[in-house]
$ cat query-v7.cif   # mmCIF, C-alpha atoms and all ligand atoms
data_coords
#
loop_
_atom_site.label_atom_id
_atom_site.label_comp_id
_atom_site.auth_asym_id
_atom_site.auth_seq_id
_atom_site.Cartn_x
_atom_site.Cartn_y
_atom_site.Cartn_z
CA MET A 5 0.00 0.00 0.00
CA ARG A 6 2.78 2.39 1.03
CA LEU A 7 4.56 1.57 -2.26
CA ALA A 8 1.42 2.31 -4.27
CA HIS A 9 1.14 5.73 -2.63
CA ALA A 10 4.82 6.48 -3.16
CA THR A 11 4.48 5.55 -6.83
CA LEU A 12 1.40 7.73 -7.20
CA SER A 13 3.09 10.75 -5.60
CA ARG A 14 6.21 10.24 -7.74
CA LYS A 15 4.04 10.08 -10.86
CA LEU A 16 2.31 13.29 -9.85
CA SER A 17 5.52 15.22 -9.17
CA SER A 18 7.32 13.93 -12.29
CA SER A 19 4.27 14.58 -14.45
CA ALA A 20 4.21 18.16 -13.18
CA CYS A 21 7.69 18.60 -14.72
CA ILE A 22 6.87 17.23 -18.18
CA ASN A 23 5.20 20.33 -19.48
CA GLN A 24 7.10 23.52 -19.03
CA SER A 25 5.53 25.40 -21.93
CA ILE A 26 2.03 25.53 -20.41
CA LYS A 27 2.02 27.14 -16.97
CA ASN A 28 -1.07 29.32 -17.03
CA VAL A 29 -4.34 27.63 -17.81
CA VAL A 30 -7.76 29.24 -18.09
CA VAL A 31 -10.81 27.00 -17.87
CA ILE A 32 -14.04 28.57 -19.11
CA GLY A 33 -17.10 26.97 -17.51
CA GLY A 34 -17.13 25.98 -13.86
CA GLY A 35 -19.69 23.18 -14.03
CA LEU A 36 -19.11 19.45 -13.71
CA MET A 37 -16.30 19.26 -16.25
CA GLY A 38 -14.69 22.69 -15.92
CA SER A 39 -14.20 22.26 -12.18
CA GLY A 40 -12.60 18.83 -12.72
CA ILE A 41 -10.27 20.10 -15.45
CA ALA A 42 -9.25 23.10 -13.33
CA GLN A 43 -8.59 20.77 -10.41
CA VAL A 44 -6.25 18.38 -12.22
CA ALA A 45 -4.27 21.30 -13.65
CA ALA A 46 -3.96 23.00 -10.24
CA GLN A 47 -2.96 19.79 -8.46
CA SER A 48 -0.28 19.26 -11.14
CA GLY A 49 1.39 22.60 -10.31
CA GLN A 50 -0.16 24.92 -12.89
CA ASN A 51 -1.77 28.30 -12.27
CA VAL A 52 -5.43 28.01 -13.14
CA THR A 53 -8.21 30.54 -13.54
CA ILE A 54 -11.72 29.20 -13.61
CA VAL A 55 -14.30 31.41 -15.32
CA ASP A 56 -18.09 31.23 -15.26
CA LEU A 57 -21.02 33.56 -15.78
CA ASP A 58 -21.50 34.61 -12.17
CA ARG A 59 -19.66 34.65 -8.87
CA LYS A 60 -21.91 32.06 -7.21
CA VAL A 61 -21.08 29.44 -9.84
CA VAL A 62 -17.31 29.92 -9.61
CA GLU A 63 -17.52 29.78 -5.81
CA LYS A 64 -19.49 26.53 -6.07
CA ALA A 65 -16.78 25.21 -8.39
CA GLN A 66 -14.11 26.22 -5.88
CA ASN A 67 -15.93 24.31 -3.12
CA ALA A 68 -16.36 21.25 -5.33
CA ILE A 69 -12.64 21.30 -6.13
CA ASN A 70 -11.75 21.59 -2.46
CA THR A 71 -13.91 18.57 -1.60
CA SER A 72 -12.53 16.51 -4.45
CA LEU A 73 -8.92 17.49 -3.64
CA GLN A 74 -9.44 16.25 -0.10
CA ARG A 75 -10.37 12.83 -1.49
CA VAL A 76 -7.31 12.85 -3.75
CA ALA A 77 -5.01 14.00 -0.93
CA LYS A 78 -6.33 11.30 1.39
CA LYS A 79 -5.51 8.68 -1.22
CA LEU A 80 -2.07 10.09 -2.15
CA PHE A 81 -0.83 10.83 1.38
CA LYS A 82 -2.77 8.37 3.48
CA ASP A 83 -0.08 8.06 6.13
CA ASP A 84 1.07 11.67 6.16
CA LEU A 85 -1.49 14.25 7.22
CA ALA A 86 0.95 17.16 6.95
CA LYS A 87 1.77 16.32 3.33
CA ALA A 88 -1.92 15.88 2.54
CA ASP A 89 -2.64 19.33 4.00
CA LYS A 90 0.22 20.90 2.08
CA PHE A 91 -0.97 19.32 -1.17
CA LEU A 92 -4.47 20.68 -0.60
CA THR A 93 -3.31 24.17 0.38
CA ASN A 94 -0.80 24.45 -2.46
CA SER A 95 -3.28 23.20 -5.06
CA MET A 96 -6.01 25.57 -3.87
CA SER A 97 -3.56 28.50 -3.83
CA ARG A 98 -2.98 28.03 -7.58
CA LEU A 99 -6.66 28.43 -8.31
CA MET A 100 -8.12 31.82 -9.23
CA LEU A 101 -11.74 32.69 -9.87
CA SER A 102 -13.12 35.03 -12.51
CA THR A 103 -16.35 36.09 -14.18
CA ASN A 104 -14.55 37.99 -16.92
CA PRO A 105 -13.25 35.66 -19.66
CA GLU A 106 -11.60 38.42 -21.70
CA GLU A 107 -9.55 39.61 -18.75
CA ALA A 108 -8.77 36.05 -17.57
CA VAL A 109 -7.17 34.89 -20.83
CA GLY A 110 -4.72 37.82 -20.87
CA GLN A 111 -1.83 35.79 -19.40
CA SER A 112 -2.90 32.34 -20.59
CA ASP A 113 -0.88 29.63 -22.34
CA LEU A 114 -3.87 27.32 -22.71
CA VAL A 115 -7.63 28.00 -22.66
CA VAL A 116 -9.87 24.99 -22.13
CA GLU A 117 -13.54 25.65 -22.81
CA ALA A 118 -16.12 23.54 -20.92
CA ILE A 119 -19.35 25.52 -21.31
CA VAL A 120 -22.79 24.46 -22.49
CA GLU A 121 -22.89 22.01 -25.44
CA LYS A 122 -24.16 24.50 -28.05
CA LEU A 123 -22.16 25.28 -31.17
CA ARG A 124 -23.13 28.96 -31.53
CA ILE A 125 -22.41 29.73 -27.88
CA LYS A 126 -18.98 28.08 -28.05
CA GLN A 127 -18.21 29.87 -31.34
CA ASN A 128 -19.21 33.25 -29.89
CA LEU A 129 -17.00 32.70 -26.88
CA PHE A 130 -13.94 31.72 -28.92
CA LYS A 131 -14.51 34.55 -31.40
CA THR A 132 -14.28 37.05 -28.57
CA LEU A 133 -11.35 35.36 -26.86
CA ASP A 134 -9.39 35.18 -30.12
CA THR A 135 -9.15 38.95 -30.23
CA VAL A 136 -7.76 39.31 -26.70
CA ALA A 137 -5.72 36.16 -25.93
CA PRO A 138 -1.94 36.25 -26.51
CA THR A 139 -0.84 34.96 -29.92
CA HIS A 140 0.88 31.90 -28.48
CA THR A 141 -2.20 30.75 -26.49
CA ILE A 142 -3.65 27.39 -27.48
CA PHE A 143 -7.44 27.08 -27.55
CA ALA A 144 -9.13 23.78 -26.68
CA SER A 145 -12.73 22.64 -26.45
CA ASN A 146 -13.95 19.86 -24.17
CA THR A 147 -17.03 19.31 -26.35
CA SER A 148 -18.57 15.82 -26.23
CA SER A 149 -20.05 15.86 -29.68
CA LEU A 150 -19.54 19.06 -31.69
CA PRO A 151 -17.02 19.17 -34.56
CA ILE A 152 -13.82 20.83 -33.35
CA GLY A 153 -13.26 22.27 -36.85
CA GLU A 154 -16.62 24.09 -36.72
CA ILE A 155 -15.85 25.61 -33.32
CA ALA A 156 -12.37 26.64 -34.50
CA GLU A 157 -13.95 28.36 -37.55
CA ALA A 158 -14.78 31.26 -35.24
CA THR A 159 -11.08 32.01 -34.72
CA GLN A 160 -8.00 32.99 -36.70
CA ARG A 161 -5.90 30.39 -34.88
CA LYS A 162 -6.92 27.01 -36.26
CA ASP A 163 -3.26 25.94 -36.08
CA ARG A 164 -3.47 26.47 -32.31
CA PHE A 165 -6.83 24.76 -31.83
CA VAL A 166 -7.57 21.24 -30.56
CA GLY A 167 -10.24 19.19 -28.86
CA LEU A 168 -9.34 18.02 -25.36
CA HIS A 169 -12.09 15.61 -24.37
CA PHE A 170 -11.95 14.72 -20.67
CA PHE A 171 -14.19 12.20 -18.93
CA ASN A 172 -16.44 12.60 -15.92
CA PRO A 173 -15.37 12.60 -13.07
CA VAL A 174 -12.17 14.21 -14.35
CA PRO A 175 -10.05 13.63 -11.22
CA VAL A 176 -10.76 9.88 -11.46
CA MET A 177 -11.07 9.03 -15.15
CA LYS A 178 -7.66 8.38 -16.67
CA LEU A 179 -8.39 9.08 -20.33
CA LEU A 180 -7.94 12.23 -22.40
CA GLU A 181 -8.93 12.21 -26.08
CA VAL A 182 -6.85 14.69 -28.08
CA ILE A 183 -8.58 15.78 -31.28
CA ARG A 184 -6.50 17.19 -34.08
CA ILE A 185 -8.08 19.14 -36.89
CA PRO A 186 -6.20 19.21 -40.22
CA GLU A 187 -4.91 22.73 -39.42
CA THR A 188 -3.58 21.87 -35.92
CA SER A 189 0.19 22.41 -36.03
CA ASP A 190 2.64 19.73 -34.89
CA ASP A 191 3.89 22.12 -32.22
CA THR A 192 0.37 22.62 -30.80
CA TYR A 193 -0.33 18.91 -30.92
CA ASN A 194 2.93 18.03 -29.16
CA ARG A 195 2.38 20.66 -26.48
CA VAL A 196 -1.14 19.48 -25.63
CA MET A 197 -0.07 15.83 -25.64
CA ASP A 198 2.64 16.75 -23.11
CA TRP A 199 0.17 18.82 -21.14
CA GLY A 200 -2.29 15.91 -21.00
CA LYS A 201 0.44 13.75 -19.47
CA SER A 202 1.38 16.56 -17.09
CA VAL A 203 -2.13 16.48 -15.63
CA GLY A 204 -1.89 12.72 -15.17
CA LYS A 205 -3.92 11.51 -18.14
CA GLN A 206 -3.36 8.75 -20.67
CA THR A 207 -3.83 10.42 -24.03
CA VAL A 208 -5.28 8.94 -27.20
CA THR A 209 -5.48 10.81 -30.49
CA CYS A 210 -8.48 10.92 -32.79
CA LYS A 211 -9.45 12.77 -35.95
CA ASP A 212 -12.33 15.24 -35.81
CA THR A 213 -14.95 12.55 -36.38
CA PRO A 214 -18.43 12.51 -34.71
CA GLY A 215 -18.18 11.26 -31.11
CA PHE A 216 -14.40 10.86 -31.40
CA ILE A 217 -13.64 7.36 -30.05
CA VAL A 218 -15.52 6.89 -26.77
CA ASN A 219 -18.80 8.64 -27.55
CA ARG A 220 -18.99 7.09 -31.02
CA LEU A 221 -19.36 3.76 -29.22
CA LEU A 222 -21.02 4.91 -25.99
CA VAL A 223 -23.90 6.96 -27.42
CA PRO A 224 -25.48 4.12 -29.50
CA TYR A 225 -25.35 1.93 -26.38
CA MET A 226 -27.07 4.66 -24.32
CA MET A 227 -29.66 5.23 -27.05
CA GLU A 228 -30.46 1.51 -27.24
CA SER A 229 -30.86 1.46 -23.44
CA VAL A 230 -33.48 4.20 -23.50
CA ARG A 231 -35.35 2.57 -26.41
CA LEU A 232 -35.45 -0.66 -24.37
CA LEU A 233 -36.95 1.31 -21.49
CA GLU A 234 -39.42 3.20 -23.69
CA ARG A 235 -40.66 -0.05 -25.27
CA GLY A 236 -41.41 -1.27 -21.74
CA ASP A 237 -39.08 -4.25 -22.13
CA ALA A 238 -37.34 -3.68 -18.78
CA THR A 239 -37.15 -1.09 -16.01
CA ALA A 240 -34.31 1.43 -15.74
CA ARG A 241 -33.23 -0.22 -12.49
CA ASP A 242 -33.06 -3.69 -14.10
CA ILE A 243 -31.22 -2.42 -17.18
CA ASP A 244 -28.66 -0.74 -14.90
CA THR A 245 -28.28 -3.85 -12.76
CA ALA A 246 -27.90 -6.00 -15.87
CA MET A 247 -25.13 -3.87 -17.36
CA LYS A 248 -23.24 -3.62 -14.07
CA LEU A 249 -23.42 -7.28 -13.16
CA GLY A 250 -23.53 -8.74 -16.66
CA ALA A 251 -21.08 -6.50 -18.49
CA GLY A 252 -18.95 -5.26 -15.59
CA TYR A 253 -19.65 -1.54 -16.13
CA PRO A 254 -19.19 0.64 -13.03
CA MET A 255 -22.53 2.35 -13.68
CA GLY A 256 -25.59 1.31 -15.64
CA PRO A 257 -26.72 3.53 -18.57
CA PHE A 258 -29.37 5.43 -16.59
CA GLU A 259 -27.07 6.02 -13.64
CA LEU A 260 -24.49 7.29 -16.11
CA LEU A 261 -27.02 9.58 -17.83
CA ASP A 262 -27.93 11.09 -14.46
CA TYR A 263 -24.22 11.48 -13.72
CA VAL A 264 -23.41 13.15 -17.05
CA GLY A 265 -26.48 15.44 -16.89
CA LEU A 266 -29.69 15.03 -18.87
CA ASP A 267 -29.45 18.55 -20.32
CA THR A 268 -25.99 17.83 -21.74
CA SER A 269 -27.23 14.45 -23.05
CA LYS A 270 -30.19 16.16 -24.73
CA PHE A 271 -27.91 18.74 -26.40
CA ILE A 272 -25.69 15.95 -27.71
CA ILE A 273 -28.62 14.05 -29.24
CA GLU A 274 -30.26 17.18 -30.67
CA GLY A 275 -26.99 18.28 -32.26
CA TRP A 276 -26.52 14.95 -33.95
CA ALA A 277 -30.21 14.67 -34.97
CA GLU A 278 -29.82 18.02 -36.74
CA LYS A 279 -26.61 16.93 -38.44
CA PHE A 280 -27.70 13.38 -39.33
CA PRO A 281 -31.52 13.65 -39.80
CA GLU A 282 -31.67 10.37 -41.71
CA ASN A 283 -30.13 8.34 -38.85
CA PRO A 284 -32.90 6.60 -36.81
CA LEU A 285 -30.53 6.38 -33.84
CA PHE A 286 -31.12 10.06 -33.08
CA LYS A 287 -34.93 10.06 -33.23
CA PRO A 288 -36.38 12.17 -30.37
CA VAL A 289 -36.34 10.57 -26.93
CA PRO A 290 -39.67 11.47 -25.22
CA THR A 291 -38.49 10.31 -21.77
CA LEU A 292 -35.41 12.50 -21.91
CA ASN A 293 -37.33 15.51 -23.21
CA ARG A 294 -39.93 15.20 -20.45
CA LEU A 295 -37.34 14.96 -17.66
CA VAL A 296 -35.43 17.99 -18.96
CA GLU A 297 -38.65 20.01 -19.30
CA GLU A 298 -39.40 19.20 -15.65
CA GLY A 299 -35.95 20.46 -14.65
CA LYS A 300 -34.85 16.94 -13.68
CA LEU A 301 -31.32 17.07 -15.04
CA GLY A 302 -29.82 14.20 -13.05
CA MET A 303 -27.56 14.20 -10.01
CA LYS A 304 -26.80 17.90 -10.27
CA THR A 305 -30.45 18.86 -9.64
CA GLY A 306 -31.23 16.01 -7.25
CA GLU A 307 -33.41 14.06 -9.69
CA GLY A 308 -33.25 12.51 -13.14
CA PHE A 309 -34.05 8.88 -13.81
CA TYR A 310 -33.42 8.44 -10.06
CA LYS A 311 -33.73 10.64 -6.97
CA TYR A 312 -30.63 11.83 -5.07
CA GLN A 313 -30.04 13.48 -1.75
CA LYS A 314 -29.09 17.12 -2.34
CA LYS A 315 -25.53 17.92 -1.16
C1 LIG A 401 -32.46 9.16 -22.29
C2 LIG A 401 -31.10 9.20 -22.81
C3 LIG A 401 -30.88 9.07 -24.25
C4 LIG A 401 -29.49 8.75 -24.59
C5 LIG A 401 -28.66 9.94 -24.71
C6 LIG A 401 -27.24 9.63 -24.90
C7 LIG A 401 -26.51 10.85 -24.55
C8 LIG A 401 -25.10 10.80 -24.57
C9 LIG A 401 -24.43 10.18 -23.36
C10 LIG A 401 -22.96 10.27 -23.48
C11 LIG A 401 -22.41 11.38 -22.68
C12 LIG A 401 -20.96 11.54 -22.92
C13 LIG A 401 -20.34 12.46 -21.93
C14 LIG A 401 -18.88 12.68 -22.14
O1 LIG A 401 -18.60 13.27 -23.36
C15 LIG A 401 -18.00 11.48 -21.95
C16 LIG A 401 -18.02 10.97 -20.53
O2 LIG A 401 -17.48 11.54 -19.63
S1 LIG A 401 -18.83 9.53 -20.33
C17 LIG A 401 -18.73 9.23 -18.61
C18 LIG A 401 -17.52 8.46 -18.26
N1 LIG A 401 -17.58 8.14 -16.85
C19 LIG A 401 -17.97 6.98 -16.39
O3 LIG A 401 -18.26 6.07 -17.12
C20 LIG A 401 -18.03 6.87 -14.89
C21 LIG A 401 -18.40 5.50 -14.45
N2 LIG A 401 -18.47 5.45 -13.00
C22 LIG A 401 -17.39 5.24 -12.23
O4 LIG A 401 -16.29 5.08 -12.69
C23 LIG A 401 -17.67 5.21 -10.74
O5 LIG A 401 -19.01 4.92 -10.54
C24 LIG A 401 -17.28 6.54 -10.01
C25 LIG A 401 -17.96 7.75 -10.62
C26 LIG A 401 -15.75 6.73 -10.02
C27 LIG A 401 -17.76 6.47 -8.55
O6 LIG A 401 -17.32 5.29 -8.02
P1 LIG A 401 -18.02 4.61 -6.74
O7 LIG A 401 -17.21 3.44 -6.36
O8 LIG A 401 -19.44 4.43 -7.02
O9 LIG A 401 -17.99 5.75 -5.66
P2 LIG A 401 -16.87 6.19 -4.66
O10 LIG A 401 -17.39 7.45 -4.08
O11 LIG A 401 -16.54 5.07 -3.72
O12 LIG A 401 -15.60 6.54 -5.54
C28 LIG A 401 -14.65 5.58 -5.99
C29 LIG A 401 -13.26 6.21 -5.90
O13 LIG A 401 -13.18 7.33 -6.76
C30 LIG A 401 -12.90 8.50 -5.98
N3 LIG A 401 -13.72 9.61 -6.49
C31 LIG A 401 -14.97 9.54 -6.97
N4 LIG A 401 -15.37 10.73 -7.38
C32 LIG A 401 -14.34 11.58 -7.16
C33 LIG A 401 -14.14 12.96 -7.39
N5 LIG A 401 -15.09 13.74 -7.94
N6 LIG A 401 -12.96 13.50 -7.04
C34 LIG A 401 -11.98 12.77 -6.49
N7 LIG A 401 -12.09 11.44 -6.26
C35 LIG A 401 -13.26 10.87 -6.57
C36 LIG A 401 -13.30 8.16 -4.57
O14 LIG A 401 -12.58 8.91 -3.63
C37 LIG A 401 -12.97 6.70 -4.49
O15 LIG A 401 -11.59 6.55 -4.28
P3 LIG A 401 -11.05 5.33 -3.40
O16 LIG A 401 -11.61 5.58 -2.05
O17 LIG A 401 -11.56 4.08 -4.04
O18 LIG A 401 -9.57 5.43 -3.47
N1 LIG A 402 -21.05 16.09 -18.22
C1 LIG A 402 -20.19 15.22 -18.74
O1 LIG A 402 -20.13 14.06 -18.31
C2 LIG A 402 -19.24 15.64 -19.82
C3 LIG A 402 -18.15 14.82 -20.13
C4 LIG A 402 -17.23 15.23 -21.12
C5 LIG A 402 -17.44 16.42 -21.81
N2 LIG A 402 -18.52 17.20 -21.48
C6 LIG A 402 -18.66 18.48 -22.18
O2 LIG A 402 -18.15 19.51 -21.34
C7 LIG A 402 -18.89 20.72 -21.54
C8 LIG A 402 -19.47 21.18 -20.22
O3 LIG A 402 -20.28 20.17 -19.69
P1 LIG A 402 -20.67 20.13 -18.14
O4 LIG A 402 -21.27 18.80 -17.89
O5 LIG A 402 -19.52 20.61 -17.33
O6 LIG A 402 -21.82 21.23 -18.11
P2 LIG A 402 -22.40 22.04 -16.86
O7 LIG A 402 -23.76 22.42 -17.23
O8 LIG A 402 -22.14 21.31 -15.59
O9 LIG A 402 -21.45 23.35 -16.83
C9 LIG A 402 -21.41 24.27 -17.86
C10 LIG A 402 -21.03 25.60 -17.24
O10 LIG A 402 -20.77 26.53 -18.28
C11 LIG A 402 -21.25 27.78 -17.85
N3 LIG A 402 -21.39 28.63 -19.03
C12 LIG A 402 -22.31 28.57 -19.99
N4 LIG A 402 -22.07 29.52 -20.92
C13 LIG A 402 -20.96 30.19 -20.53
C14 LIG A 402 -20.19 31.25 -21.06
N5 LIG A 402 -20.53 31.84 -22.21
N6 LIG A 402 -19.10 31.66 -20.38
C15 LIG A 402 -18.73 31.07 -19.23
N7 LIG A 402 -19.41 30.04 -18.68
C16 LIG A 402 -20.52 29.62 -19.32
C17 LIG A 402 -22.52 27.50 -17.11
O11 LIG A 402 -22.85 28.55 -16.22
C18 LIG A 402 -22.15 26.20 -16.38
O12 LIG A 402 -21.66 26.45 -15.08
C19 LIG A 402 -19.92 20.41 -22.62
O13 LIG A 402 -19.39 20.75 -23.87
C20 LIG A 402 -20.08 18.89 -22.50
O14 LIG A 402 -20.52 18.30 -23.69
C21 LIG A 402 -19.43 16.85 -20.51
#
$ encode --input "query-v7.cif" --output "structure tokens"
Amino acid sequence: MRLAHATLSRKLSSSACINQSIKNVVVIGGGLMGSGIAQVAAQSGQNVTIVDLDRKVVEKAQNAINTSLQRVAKKLFKDDLAKADKFLTNSMSRLMLSTNPEEAVGQSDLVVEAIVEKLRIKQNLFKTLDTVAPTHTIFASNTSSLPIGEIAEATQRKDRFVGLHFFNPVPVMKLLEVIRIPETSDDTYNRVMDWGKSVGKQTVTCKDTPGFIVNRLLVPYMMESVRLLERGDATARDIDTAMKLGAGYPMGPFELLDYVGLDTSKFIIEGWAEKFPENPLFKPVPTLNRLVEEGKLGMKTGEGFYKYQKK
């Protein structure tokens, strides 16, 4: 056990040294994903500014990061409370909060966008940031489903644009998909690959193809799950139990949908339905639409397919 912790801490400190070219990171969007991305960068020794629309949201993100860092610190420094405390304090001290994206990107080396899954909104954000961010700054989107090339269209820096697709919960999930568009320069690609390692992730590379790797395979599975439910063939609970115990998944599809957020899931499906109207996979999902209309967005609102205790 002691050895495992020593190895983990060594990995963390050596990974923090890999990437010297990216020291100042700005994460736009302080929701589920933005807070996780900001956390892994801060705990890896980088200066991070987290930006959202209002002060309450960034403060909520800061609290979520603090709670999550405590879990990480406990695991890394189980036998050494002083080191755990230092890790927490140092990581939190690297985190800044902002509600002004244009000001925040002024000193950035990397901007990672993790805002709502809507093409126009992402394009508008990047269009504005492109005029104020330093020339060397790399722009990245954490989109689950939108074409990186179409988001990058809003900027004059396609050579410094990539997709960086993290997985939820970011502090736990080991994978980072790096999406290259044809214009992405080798230098940009190499720097973000190094950066991904510096924040402790295993990187895989994918072209700018719908769903990249994971969601190309995951979304049809999720869609089939909801069709099974809507046909009345099985309950959500039994489908979840079946996939956990029969396929070894850590969460069933409905637990995962609640975890991801039903609003985000709806945006993903609507975006693809618009782009691929002939594909029956993306036909409207009445159950999903009803839950979102009722404000039941999953764990984050306390109810989705299941009910949760509010934190
Ligand atoms: C109606 C619908 C129509 C269909 C629509 C389809 C829509 C599209 C859907 C696709 C969406 C794609 C979204 C995105 O683009 C891609 C994704 O991110 S997909 C999601 C990927 N994630 C998963 O699959 C998560 C699977 N779940 C798990 O791995 C685990 O359940 C869990 C979340 C890690 C929790 O594990 P548990 O064992 O249940 O809980 P514990 O609390 O004991 O945690 C275990 C372990 O992890 C540590 N930990 C957990 N959370 C955090 C955290 N936030 N920060 C830090 N650490 C954390 C915890 O401390 C434990 O550590 P240990 O004690 O074991 O050392
Ligand atoms: N939820 C997941 O499991 C998951 C996994 C991987 C990728 N993603 C992607 O990450 C992105 C964010 O998803 P999320 O789940 O964190 O969403 P979320 O709803 O939890 O958070 C989005 C945040 O963005 C903020 N925001 C919206 N517009 C903004 C703007 N113009 N400027 C600044 N902040 C703004 C919102 O206030 C909100 O706090 C989406 O593109 C999503 O597809 C989500």
$ residues_near_ligand --input "query-v7.cif" --ligand "ligand LIG 401 (chain A)" --cutoff "6 Å" --atoms "all atoms listed in the file" --output "NGL selection string"
:A and (72 or 75-76 or 79 or 148 or 171-173 or 175-176 or 219 or 223 or 226-227 or 230 or 254-255 or 264 or 269 or 292)
$ residues_near_ligand --input "query-v7.cif" --ligand "ligand LIG 402 (chain A)" --cutoff "7 Å" --atoms "all atoms listed in the file" --output "VMD selection string"
chain A and resid 32 to 38 55 to 57 61 118 to 121 125 129 146 to 149 169 to 172 263 to 265 268 272
$ residues_around --input "query-v7.cif" --residues "Ala88 (chain A)" --least-positions-apart "5" --cutoff "8 Å" --atoms "all atoms listed in the file" --output "NGL selection string"
:A and (74 or 77-78 or 80-82)
$ atom_distance --input "query-v7.cif" --atom1 "CA of Leu232 (chain A)" --atom2 "CA of Arg294 (chain A)"
16.9 Å
$ atom_distance --input "query-v7.cif" --atom1 "CA of Leu168 (chain A)" --atom2 "CA of Ser145 (chain A)"
5.8 Å
$ residues_around --input "query-v7.cif" --residues "Val115 (chain A)" --least-positions-apart "4" --cutoff "8 Å" --atoms "all atoms listed in the file" --output "mmCIF file with C-alpha atoms, in the frame of the given file"
data_model
loop_
_atom_site.group_PDB
_atom_site.id
_atom_site.type_symbol
_atom_site.label_atom_id
_atom_site.label_comp_id
_atom_site.auth_asym_id
_atom_site.auth_seq_id
_atom_site.Cartn_x
_atom_site.Cartn_y
_atom_site.Cartn_z
ATOM 1 C CA VAL A 29 -4.340 27.630 -17.810
ATOM 2 C CA VAL A 30 -7.760 29.240 -18.090
ATOM 3 C CA VAL A 31 -10.810 27.000 -17.870
ATOM 4 C CA ILE A 32 -14.040 28.570 -19.110
ATOM 5 C CA VAL A 109 -7.170 34.890 -20.830
ATOM 6 C CA THR A 141 -2.200 30.750 -26.490
ATOM 7 C CA ILE A 142 -3.650 27.390 -27.480
ATOM 8 C CA PHE A 143 -7.440 27.080 -27.550
ATOM 9 C CA ALA A 144 -9.130 23.780 -26.680
#
$ closest_residue --input "query-v7.cif" --among "A:Glu228, A:Leu73, A:Leu123, A:Leu180" --to "Gln206 (chain A)" --atoms "all atoms listed in the file"
A:Leu180
$ axis_aligned_box --input "query-v7.cif" --around "region 55-60 of chain A" --padding-each-side "3 Å" --output "AutoDock Vina command-line options"
--center_x -18.1 --center_y 32.9 --center_z -11.5 --size_x 13.6 --size_y 9.4 --size_z 14.6
$ atom_distance --input "query-v7.cif" --atom1 "CA of Gly204 (chain A)" --atom2 "CA of Ser95 (chain A)"
14.6 Å
$ residues_near_point --input "query-v7.cif" --point "(0.3, 21.4, -4.0)" --cutoff "12 Å" --atoms "only C-alpha atoms" --output "MDAnalysis selection string"
chainID A and resid 13 16:17 20 43:51 73:74 76:77 80:81 86:99
$ closest_residue --input "query-v7.cif" --among "A:Asp267, A:Arg164, A:Tyr225, A:Arg184" --to "Met247 (chain A)" --atoms "only C-alpha atoms"
A:Tyr225
$ closest_residue --input "query-v7.cif" --among "A:Leu261, A:Ala65, A:Ala277, A:Leu222" --to "Val296 (chain A)" --atoms "all atoms listed in the file"
A:Leu261
$ closest_residue --input "query-v7.cif" --among "A:Val218, A:Met100, A:Leu114, A:Leu233" --to "Lys27 (chain A)" --atoms "all atoms listed in the file"
A:Leu114
$ closest_residue --input "query-v7.cif" --among "A:Ala42, A:Ile26, A:Leu101, A:Ala246" --to "Asp58 (chain A)" --atoms "all atoms listed in the file"
A:Leu101
$ closest_residue --input "query-v7.cif" --among "A:Lys300, A:Lys248, A:Lys211, A:Arg161" --to "Ile183 (chain A)" --atoms "all atoms listed in the file"
A:Lys211
$ residues_around --input "query-v7.cif" --residues "Thr305 (chain A)" --least-positions-apart "4" --cutoff "10 Å" --atoms "only C-alpha atoms" --output "ChimeraX atom specification"
/A:262,265,299-301,311-315
$ residues_around --input "query-v7.cif" --residues "region 153-156 of chain A" --least-positions-apart "5" --cutoff "8 Å" --atoms "only C-alpha atoms" --output "PyMOL selection string"
chain A and resi 123+126-127+130+161-162+165+185+212
$ build_atoms --input "query-v7.cif" --residues "region 288-295 of chain A" --atoms "N, CA and C atoms" --output "PDB file, in the coordinates of the input"
ATOM      1  N   PRO A 288     -36.154  11.566 -31.695  1.00  0.00           N
ATOM      2  CA  PRO A 288     -36.380  12.170 -30.370  1.00  0.00           C
ATOM      3  C   PRO A 288     -36.614  11.110 -29.284  1.00  0.00           C
ATOM      4  N   VAL A 289     -36.200  11.478 -28.074  1.00  0.00           N
ATOM      5  CA  VAL A 289     -36.340  10.570 -26.930  1.00  0.00           C
ATOM      6  C   VAL A 289     -37.341  11.207 -25.966  1.00  0.00           C
ATOM      7  N   PRO A 290     -38.646  10.805 -26.042  1.00  0.00           N
ATOM      8  CA  PRO A 290     -39.670  11.470 -25.220  1.00  0.00           C
ATOM      9  C   PRO A 290     -39.320  11.473 -23.725  1.00  0.00           C
ATOM     10  N   THR A 291     -38.790  10.373 -23.210  1.00  0.00           N
ATOM     11  CA  THR A 291     -38.490  10.310 -21.770  1.00  0.00           C
ATOM     12  C   THR A 291     -37.486  11.383 -21.368  1.00  0.00           C
ATOM     13  N   LEU A 292     -36.463  11.511 -22.196  1.00  0.00           N
ATOM     14  CA  LEU A 292     -35.410  12.500 -21.910  1.00  0.00           C
ATOM     15  C   LEU A 292     -35.983  13.922 -21.982  1.00  0.00           C
ATOM     16  N   ASN A 293     -36.764  14.164 -23.032  1.00  0.00           N
ATOM     17  CA  ASN A 293     -37.330  15.510 -23.210  1.00  0.00           C
ATOM     18  C   ASN A 293     -38.225  15.892 -22.034  1.00  0.00           C
ATOM     19  N   ARG A 294     -39.018  14.916 -21.575  1.00  0.00           N
ATOM     20  CA  ARG A 294     -39.930  15.200 -20.450  1.00  0.00           C
ATOM     21  C   ARG A 294     -39.139  15.535 -19.186  1.00  0.00           C
ATOM     22  N   LEU A 295     -38.127  14.726 -18.892  1.00  0.00           N
ATOM     23  CA  LEU A 295     -37.340  14.960 -17.660  1.00  0.00           C
ATOM     24  C   LEU A 295     -36.667  16.335 -17.705  1.00  0.00           C
TER      25      LEU A 295
END
